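Undergrad: Would you mind keeping the following structure in view while I ask a few things?
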Number of protein chains: 2
Amino acid sequence: LVGVGTELLLGQIANTNAQYISQELADAGVDVYFHVVVGDNLERVASTIATALDRSEVVVVTGGLGPTPDDLTREGVAAALGVALRRDDHLVGVIKRIFEGLGRVMPAENLKQADLPEGATPLEPEGTAPGLVLERDGKLLFALPGVPWEMKAMLGKFVLPALRDRAGESTLVTRQVLVMGLGESMTHEKIADIVAEQTNPTVAFLAGRGQVRVRITAKAETEREALELIHPVEQRIRERLGEAAVPGGRTTIAQALGDALRERGASAAVAESLTGGLIGAALTETDGASDFFLGSLVTYATAAKRDVAGIDEDVLDRNGPVSERAAGALAEAAAAHFGADMGLSATGVAGPTEQDGMPVGTVFVGAAYGGRTEVRHVRAYGDRDHIRQFAVTSTLDLGRRLLHRGP
Amino acid sequence: LVGVGTELLLGQIANTNAQYISQELADAGVDVYFHVVVGDNLERVASTIATALDRSEVVVVTGGLGPTPDDLTREGVAAALGVALRRDDHLVGVIKRIFEGLGRVMPAENLKQADLPEGATPLEPEGTAPGLVLERDGKLLFALPGVPWEMKAMLGKFVLPALRDRAGESTLVTRQVLVMGLGESMTHEKIADIVAEQTNPTVAFLAGRGQVRVRITAKAETEREALELIHPVEQRIRERLGEAAVPGGRTTIAQALGDALRERGASAAVAESLTGGLIGAALTETDGASDFFLGSLVTYATAAKRDVAGIDEDVLDRNGPVSERAAGALAEAAAAHFGADMGLSATGVAGPTEQDGMPVGTVFVGAAYGGRTEVRHVRAYGDRDHIRQFAVTSTLDLGRRLLHRGP
């Protein structure tokens with residue numbers, strides 16, 4: 001995949017086009033080997049496209065098809081192939097009619113959008129930018145506009161059908177196992193032999209923010225056959241990882257806890273401190289959260305833990321606001337204030353400096369459910385953002401484990 | 001910039017590391033020519049790094065430095081340079097101590113993170129993955145972990161200082177003007193002539209999530225000279241944009257409001273609904289928030305607005321939980337519950353379906369300060385995530401405007 005545009009190289013936008021196309025191609029069973037981003041420079045666009053055609057069977061270029069002088073993909077494709085650009089009369093008509101339809105006069109510079117490298121076939125525009133496709137030595141090159149909605153529409157209409165035809169019958173399917181509380185290396189150590197012996201499905205790891213995802217990807221002729229290859233491997237992995245493997249196919253612990261609460265018809269509320277509201281925000285990230293989430297008391301100031309959450313002055317004075325006792329009391333207060341079945345809590349030190357004698361990264365998380373209250377002391381590391389995220393996932397995971405054990 | 005990881009090629013994550021590094025390098029005056037992403041395949045990692053070193057003076061590799069067998073960046077660098085890997089005793093000690101500090105035994109496979117290509121110097125790990133730097137024929141190659149917070153810390157500590165030294169006498173300085181409530185095209189329309197006439201400094205736009213940032217970038221021999229070029233342009237832009245231009249150099253509205261509260265010695269509390277805790281989370285994102293932030297009532301369920309925030313049954317029944325009246329009452333309740341000088345609120349419909357007869361994207365935000373309560377009805381668009389973020393920035397901006405007008 002080749003992305004063309006200096007705005008990408010300046011970091012003004014992320015290359016989400018490459019992400020989207022990669023997902024679609026993975027679903028279609030096409031292996032993507034490289035993403036390349038190049039700026040609005042003719043020589044570098046041309047050499048990048050030439051290299052891409054050299055090492056891949058299919059090249060998808062996005063961006064650089066607009067009407068301004070810094071839109072150079074058409075010229076770059078022509079230069080890479082050593083062919084000339086020709087103005088396409090049919091496309092001139094198409095573009096003129098688009099502007100007529102908008103009740104506007106076509107600016108003269110838009111005429112260059114009707115230029116095509118020799119041998120290319122135009123792809124009808126979704127906005128005002130036509131795409132193009134050409135075949136060379138049995139290889140396919142597509143050029144699509146960089147505007148995401150135009151790119152997506154053209155990808156679906158022209159690129160994916162052509163590639164499905166080429167790929168024949170095969171499809172890639174991925175299942176993910178969410179692993180909480182083990183870390184990437186420990187997870188790997190427990191299933192290293194399974195990983196090593198697998199070729200189809202393959203097993204890979206994705207780690208970050210207090211959670212690890214194990215990805216099991218199979219290639220087969222149909223989705224059903226792929227899932228049949230995945231199933232026994234997923235079972236073995238889940239058995240090895242035990243309670244650390246979150247049941248179901250969810251990829252975030254917030255979604256997994258939400259599912260578990262929903263299944264039991266149970267409601268949840270939160271009392272949080274260092275996370276500032278992130279636990280409630282995580283639980284409400286996906287829609288349908290009103291099925292189980294009632295609310296959260298964000299008691300950032302110590303006085304708010306007393307005055308708003310009603311935590312005993314005694315607990316706060318003797319144990320401190322960052323303590324096992326405070327975390328337990330906050331979880332219970334959350335459930336009581338909102339009348340929820342489950343109360344969750346987090347208190348700790350996000351940094352950058354220690355607080356009440358506790359070092360940065362000290363976090364206590366709590367969960368109260370069915371008359372039982374559990375508290376975990378977790379040691380988070382990294383920067384403020386990472387410590388807060390770790391506190392969020394640790395809290396939600398404690399809730400998930402307590403819920404699975406039942407009241 | 002070379003990103004290593006099959007998860008990128010499968011589209012499971014976007015290459016936000018490349019975006020972040022590109023922004024930082026642009027600020028440092030370094031031109032980025034290519035982004036490349038390659039999967040966890042030794043041959044392709046090695047050839048990509050070799051090509052990158054061939055055509056660039058500086059190569060920054062991210063990812064592939066973890067402990068698992070599919071982490072291949074160390075091997076890829078060694079293969080690209082035709083050198084061997086050597087285990088570094090000092091790094092072995094460093095990694096062991098990290099695990100000791102976490103109270104865990106180092107898994108055997110983490111030892112490979114102490115391997116270095118001959119001639120490389122280790123970069124001390126932020127998490128558990130060390131980075132590396134090496135020089136070859138006057139060119140620099142850095143390898144950083146793929147985990148964003150580790151990458152960011154190492155980039156700031158090692159890469160940027162080294163590149164600033166290389167860039168010699170010229171320096172790029174950027175000042176940003178945060179613009180709230182105008183949108184990108186309206187902002188551009190108001191200052192188009194200033195943008196067009198500028199060459200040094202240049203003026204660019206960055207838009208997203210309810211805020212626009214105008215970036216003014218000057219190149220000069222010293223930072224002071226650059227700031228002298230920027231100052232008059234920034235002044236003209238701020239005059240044109242009026243109250244929409246947030247005073248100070250902050251790049252998020254949460255930071256700007258935090259500064260304004262701190263200056264006045266004023267405290268703030270929140271009562272939020274559709275945002276689920278994101279307003280409190282935004283205010284506590286940077287450290288020092290305890291100077292002004294007391295807490296938040298996340299009243300997601302309608303009953304919680306009554307039982308926890310104490311909103312009149314009457315208001316909820318007659319006006320509905322998503323209404324101007326409810327937003328005003330929530331802002332006042334926030335201030336009252338926490339004893340804060342300022343109360344902020346947001347209530348609305350994040351979607352995907354309408355609620356209480358209100359369409360998706362309907363948002364009411366409120367602020368109470370110095371005896372005055374103001375409410376804004378904002379129409380947010382986009383997906384659930386975008387609507388919630390828009391509600392956050394709209395709430396904080398209303399608070400900022402009310403505060404600036406004084407009690």
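Letters A, B, ... go to the chains of the structure tokens in the order shown; residues in each chain start at 1; ligands are counted from 1 in the same order.
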Mind dumping a table of every chain A residue within 6 Å of chain B, with the nearest atom pair and its distance in Å to one decimal, using only C-alpha atoms, sorted by chain and rising number, as a Markdown table?

TA:
```
| residue | atom | partner | partner_atom | distance |
| --- | --- | --- | --- | --- |
| A:Leu9 | CA | B:Val32 | CA | 5.8 |
| A:Leu10 | CA | B:Ser22 | CA | 5.2 |
| A:Gly11 | CA | B:Gln19 | CA | 4.2 |
| A:Ala14 | CA | B:Gln19 | CA | 5.4 |
| A:Thr16 | CA | B:Ala14 | CA | 5.9 |
| A:Gln19 | CA | B:Gly11 | CA | 4.2 |
| A:Ser22 | CA | B:Gly11 | CA | 4.8 |
| A:Gln23 | CA | B:Gly11 | CA | 4.8 |
| A:Val32 | CA | B:Leu9 | CA | 5.8 |
| A:Phe34 | CA | B:Val38 | CA | 5.1 |
| A:His35 | CA | B:Val37 | CA | 4.8 |
| A:Val36 | CA | B:Val36 | CA | 4.4 |
| A:Val37 | CA | B:His35 | CA | 4.8 |
| A:Val38 | CA | B:Phe34 | CA | 5.1 |
| A:Gly276 | CA | B:Ala281 | CA | 4.5 |
| A:Gly277 | CA | B:Gly277 | CA | 3.8 |
| A:Leu278 | CA | B:Ala281 | CA | 5.6 |
| A:Gly280 | CA | B:Gly276 | CA | 5.1 |
| A:Ala281 | CA | B:Gly276 | CA | 4.5 |
| A:Thr284 | CA | B:Gly276 | CA | 5.9 |
| A:Leu294 | CA | B:Ala301 | CA | 4.8 |
| A:Gly295 | CA | B:Thr299 | CA | 4.8 |
| A:Ser296 | CA | B:Val298 | CA | 4.7 |
| A:Leu297 | CA | B:Leu297 | CA | 5.1 |
| A:Val298 | CA | B:Ser296 | CA | 4.7 |
| A:Thr299 | CA | B:Gly295 | CA | 4.8 |
| A:Tyr300 | CA | B:Gly295 | CA | 4.9 |
| A:Ala301 | CA | B:Leu294 | CA | 4.8 |
```

Undergrad: Need the shell around Leu144 (chain A): protein/DNA/RNA residues with any atom at most 9 Å away, counting only C-alpha atoms. Skip same-chain ones fewer than 3 positions apart. Format as a PyMOL selection string?

TA: chain A and resi 60-65+123+129-133+147+150-152+154-155

Undergrad: List the spatial neighbours of Asp165 (chain B) as a PyMOL selection string - criterion: any atom at most 12 Å away, only C-alpha atoms, same-chain residues fewer than 6 positions off excluded.

TA: chain B and resi 28-30+158-159+171

Undergrad: Suppose we keep N, CA and C atoms; can you now write the selection as a PDB file, in the first residue's frame?

TA:
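Below is the file that was written, again_13.pdb:
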```pdb
ATOM      1  N   ALA B  28      11.397  19.795  15.098  1.00  0.00           N
ATOM      2  CA  ALA B  28      12.854  19.882  15.266  1.00  0.00           C
ATOM      3  C   ALA B  28      13.545  20.307  13.967  1.00  0.00           C
ATOM      4  N   GLY B  29      12.767  20.533  12.912  1.00  0.00           N
ATOM      5  CA  GLY B  29      13.364  20.998  11.655  1.00  0.00           C
ATOM      6  C   GLY B  29      13.933  19.876  10.804  1.00  0.00           C
ATOM      7  N   VAL B  30      13.486  18.637  11.047  1.00  0.00           N
ATOM      8  CA  VAL B  30      13.990  17.501  10.270  1.00  0.00           C
ATOM      9  C   VAL B  30      12.947  17.114   9.218  1.00  0.00           C
ATOM     10  N   PHE B 158      16.600  10.648  23.725  1.00  0.00           N
ATOM     11  CA  PHE B 158      17.789  10.280  22.940  1.00  0.00           C
ATOM     12  C   PHE B 158      17.755  10.785  21.493  1.00  0.00           C
ATOM     13  N   VAL B 159      16.613  10.602  20.822  1.00  0.00           N
ATOM     14  CA  VAL B 159      16.595  10.859  19.386  1.00  0.00           C
ATOM     15  C   VAL B 159      16.577  12.356  19.088  1.00  0.00           C
ATOM     16  N   THR B 171      16.986  26.410  13.649  1.00  0.00           N
ATOM     17  CA  THR B 171      16.035  25.754  14.528  1.00  0.00           C
ATOM     18  C   THR B 171      14.624  26.116  14.081  1.00  0.00           C
TER      19      THR B 171
END
```

Undergrad: For a quick check: superposing chain B on chain A using all C-alpha atoms in order, what RMSD comes out?

TA: 4.6 Å

Undergrad: Using only C-alpha atoms, which protein or nucleic acid residues come within 10 Å of region 85-90 of chain A? Drop anything in the same chain fewer than 6 positions from it, and give the result as a compact mmCIF listing (two decimals) with N, CA, C and O atoms, in the first residue's frame.

TA:
```txt
# COMPACT_ATOMS: atom_id res chain seq x y z
N ARG A 74 -0.86 10.67 -10.58
CA ARG A 74 -0.97 10.31 -12.02
C ARG A 74 0.40 10.39 -12.70
O ARG A 74 0.82 9.47 -13.41
N GLU A 75 1.10 11.52 -12.48
CA GLU A 75 2.43 11.71 -13.06
C GLU A 75 3.40 10.65 -12.55
O GLU A 75 4.25 10.15 -13.30
N VAL A 77 2.77 7.57 -11.46
CA VAL A 77 2.50 6.26 -12.06
C VAL A 77 3.06 6.21 -13.48
O VAL A 77 3.74 5.25 -13.87
N ALA A 78 2.80 7.28 -14.23
CA ALA A 78 3.30 7.32 -15.61
C ALA A 78 4.82 7.23 -15.63
O ALA A 78 5.41 6.47 -16.43
N ALA A 79 5.49 7.98 -14.77
CA ALA A 79 6.95 7.97 -14.72
C ALA A 79 7.48 6.60 -14.30
O ALA A 79 8.47 6.10 -14.85
N LEU A 111 -9.25 19.91 -14.83
CA LEU A 111 -9.08 19.14 -16.06
C LEU A 111 -7.98 18.09 -15.92
O LEU A 111 -8.06 17.01 -16.50
N LYS A 112 -6.94 18.39 -15.13
CA LYS A 112 -5.85 17.43 -15.02
C LYS A 112 -6.29 16.13 -14.37
O LYS A 112 -5.62 15.10 -14.49
N GLN A 113 -7.44 16.15 -13.69
CA GLN A 113 -7.95 14.91 -13.09
C GLN A 113 -8.46 13.94 -14.16
O GLN A 113 -8.77 12.80 -13.85
N ALA A 114 -8.55 14.41 -15.41
CA ALA A 114 -8.95 13.53 -16.52
C ALA A 114 -7.74 12.92 -17.21
O ALA A 114 -7.89 12.19 -18.19
N ASP A 115 -6.54 13.20 -16.70
CA ASP A 115 -5.33 12.62 -17.31
C ASP A 115 -5.14 11.18 -16.82
O ASP A 115 -5.34 10.88 -15.65
N LEU A 116 -4.72 10.32 -17.73
CA LEU A 116 -4.49 8.91 -17.37
C LEU A 116 -3.16 8.44 -17.98
O LEU A 116 -2.86 8.77 -19.13
N PRO A 117 -2.38 7.67 -17.22
CA PRO A 117 -1.19 7.05 -17.82
C PRO A 117 -1.65 6.09 -18.92
O PRO A 117 -2.69 5.44 -18.78
N GLU A 118 -0.90 6.00 -19.99
CA GLU A 118 -1.27 5.09 -21.09
C GLU A 118 -1.45 3.67 -20.57
O GLU A 118 -0.62 3.18 -19.80
N GLY A 119 -2.54 3.05 -21.00
CA GLY A 119 -2.81 1.67 -20.58
C GLY A 119 -3.70 1.57 -19.36
O GLY A 119 -4.13 0.49 -18.99
N ALA A 120 -3.98 2.73 -18.72
CA ALA A 120 -4.81 2.69 -17.51
C ALA A 120 -6.28 2.79 -17.85
O ALA A 120 -6.66 3.37 -18.88
N THR A 121 -7.12 2.23 -17.00
CA THR A 121 -8.56 2.34 -17.12
C THR A 121 -9.05 3.22 -15.98
O THR A 121 -8.62 3.03 -14.85
N PRO A 122 -9.93 4.20 -16.26
CA PRO A 122 -10.40 5.05 -15.17
C PRO A 122 -11.38 4.32 -14.25
O PRO A 122 -12.11 3.43 -14.71
```

Undergrad: What's around region 176-188 of chain B at 8 Å? Count only C-alpha atoms, leave out sequence neighbours fewer than 4 positions away in its own chain, and write the answer as a tab-separated table (two decimals) with N, CA, C and O atoms, in the first residue's frame.

TA:
```
chain	number	residue	atom	x	y	z
B	192	ALA	N	-7.29	33.93	6.07
B	192	ALA	CA	-6.73	33.40	4.81
B	192	ALA	C	-5.64	34.31	4.25
B	192	ALA	O	-4.61	33.84	3.75
B	205	PHE	N	-2.87	24.51	9.64
B	205	PHE	CA	-4.04	24.17	10.46
B	205	PHE	C	-4.03	22.70	10.82
B	205	PHE	O	-3.62	21.86	10.03
B	207	ALA	N	-6.95	20.21	12.57
B	207	ALA	CA	-8.31	20.21	13.11
B	207	ALA	C	-8.68	18.84	13.63
B	207	ALA	O	-8.19	17.83	13.13
B	210	GLY	N	-13.44	18.83	17.68
B	210	GLY	CA	-14.03	20.03	18.25
B	210	GLY	C	-13.07	21.17	18.51
B	210	GLY	O	-13.43	22.17	19.07
B	211	GLN	N	-11.81	21.00	18.12
B	211	GLN	CA	-10.90	22.13	18.26
B	211	GLN	C	-10.00	22.24	17.05
B	211	GLN	O	-9.70	21.28	16.36
B	212	VAL	N	-9.59	23.48	16.76
B	212	VAL	CA	-8.68	23.74	15.65
B	212	VAL	C	-7.42	24.33	16.25
B	212	VAL	O	-7.48	25.14	17.17
B	213	ARG	N	-6.27	23.89	15.78
B	213	ARG	CA	-5.04	24.53	16.20
B	213	ARG	C	-4.38	25.19	15.00
B	213	ARG	O	-4.22	24.56	13.96
B	214	VAL	N	-4.03	26.45	15.15
B	214	VAL	CA	-3.29	27.15	14.11
B	214	VAL	C	-1.82	27.09	14.52
B	214	VAL	O	-1.45	27.53	15.61
B	215	ARG	N	-1.01	26.48	13.65
B	215	ARG	CA	0.41	26.31	13.98
B	215	ARG	C	1.24	27.35	13.22
B	215	ARG	O	1.21	27.41	12.01
B	216	ILE	N	1.98	28.14	13.96
B	216	ILE	CA	2.83	29.16	13.36
B	216	ILE	C	4.27	28.71	13.56
B	216	ILE	O	4.73	28.57	14.70
B	234	GLU	N	1.31	36.01	15.23
B	234	GLU	CA	0.39	35.44	16.21
B	234	GLU	C	-0.58	36.53	16.70
B	234	GLU	O	-1.78	36.29	16.85
B	238	ARG	N	-4.62	36.38	16.48
B	238	ARG	CA	-5.46	36.41	17.68
B	238	ARG	C	-6.48	37.55	17.63
B	238	ARG	O	-7.63	37.40	18.05
B	241	LEU	N	-9.37	36.53	15.36
B	241	LEU	CA	-10.21	35.43	15.84
B	241	LEU	C	-10.98	35.78	17.11
B	241	LEU	O	-11.93	35.10	17.47
B	244	ALA	N	-12.63	33.43	20.23
B	244	ALA	CA	-12.46	32.03	19.83
B	244	ALA	C	-11.01	31.57	20.01
B	244	ALA	O	-10.75	30.38	20.20
B	245	ALA	N	-10.07	32.51	19.96
B	245	ALA	CA	-8.66	32.16	20.19
B	245	ALA	C	-8.41	32.10	21.68
B	245	ALA	O	-8.58	33.08	22.41
B	246	VAL	N	-8.01	30.91	22.15
B	246	VAL	CA	-7.80	30.71	23.58
B	246	VAL	C	-6.47	31.36	23.98
B	246	VAL	O	-5.44	31.06	23.37
B	247	PRO	N	-6.47	32.24	24.99
B	247	PRO	CA	-5.22	32.89	25.40
B	247	PRO	C	-4.19	31.86	25.89
B	247	PRO	O	-4.56	30.78	26.35
B	248	GLY	N	-2.92	32.22	25.78
B	248	GLY	CA	-1.85	31.32	26.24
B	248	GLY	C	-1.45	30.37	25.13
B	248	GLY	O	-2.08	30.33	24.08
B	249	GLY	N	-0.43	29.59	25.37
B	249	GLY	CA	0.10	28.74	24.32
B	249	GLY	C	-0.33	27.29	24.45
B	249	GLY	O	0.23	26.41	23.81
B	250	ARG	N	-1.33	27.00	25.28
B	250	ARG	CA	-1.74	25.62	25.49
B	250	ARG	C	-2.38	25.01	24.25
B	250	ARG	O	-2.98	25.72	23.45
B	251	THR	N	-2.26	23.71	24.09
B	251	THR	CA	-2.78	23.06	22.89
B	251	THR	C	-4.03	22.24	23.14
B	251	THR	O	-4.57	21.64	22.22
B	252	THR	N	-4.48	22.17	24.39
B	252	THR	CA	-5.78	21.55	24.63
B	252	THR	C	-6.60	22.49	25.50
B	252	THR	O	-6.05	23.23	26.33
B	253	ILE	N	-7.89	22.44	25.33
B	253	ILE	CA	-8.78	23.33	26.08
B	253	ILE	C	-8.78	22.94	27.57
B	253	ILE	O	-8.97	23.80	28.43
B	394	SER	N	-16.58	21.18	24.25
B	394	SER	CA	-17.58	22.25	24.33
B	394	SER	C	-17.82	22.67	25.78
B	394	SER	O	-17.96	23.85	26.08
B	397	ASP	N	-14.80	24.60	27.04
B	397	ASP	CA	-14.72	25.93	26.44
B	397	ASP	C	-15.75	26.88	27.04
B	397	ASP	O	-15.47	28.06	27.25
```

Undergrad: Identify, on the basis of only C-alpha atoms, every residue whose closest approach to Ala329 (chain B) does not exceed 9 Å; exclude the query and any residue fewer than 6 positions from it along the same chain; express the result as a short mmCIF file (atom, residue, chain, number, x, y, z; two decimals) with N, CA and C atoms, in the first residue's frame.

TA:
```
data_model
loop_
_atom_site.label_atom_id
_atom_site.label_comp_id
_atom_site.auth_asym_id
_atom_site.auth_seq_id
_atom_site.Cartn_x
_atom_site.Cartn_y
_atom_site.Cartn_z
N ILE B 311 -30.97 16.26 41.19
CA ILE B 311 -31.74 17.08 40.25
C ILE B 311 -33.24 16.84 40.49
N ASP B 312 -33.99 17.94 40.47
CA ASP B 312 -35.44 17.87 40.69
C ASP B 312 -36.12 16.87 39.77
N VAL B 315 -37.73 18.69 36.91
CA VAL B 315 -36.90 19.06 35.75
C VAL B 315 -36.73 17.86 34.84
N SER B 345 -21.04 20.93 33.29
CA SER B 345 -21.91 19.78 33.02
C SER B 345 -22.05 19.49 31.54
N GLY B 366 -23.18 22.90 30.29
CA GLY B 366 -23.46 23.98 31.23
C GLY B 366 -22.25 24.37 32.05
N THR B 373 -25.20 31.03 35.70
CA THR B 373 -25.21 29.72 35.04
C THR B 373 -25.48 29.92 33.57
#
```

Undergrad: Tell me which protein, DNA and RNA residues are within 8 Å of Ala368 (chain B), counting only C-alpha atoms, leaving out same-chain ones fewer than 4 positions away, and put them as a ChimeraX atom specification.

TA: /B:328,331-332,335,342-344,372-374,399

Undergrad: Just asking: which residues within region 188-232 of chain A are helix (DSSP H, G or I) according to DSSP, as a PyMOL selection string?

TA: chain A and resi 188-197+223-232
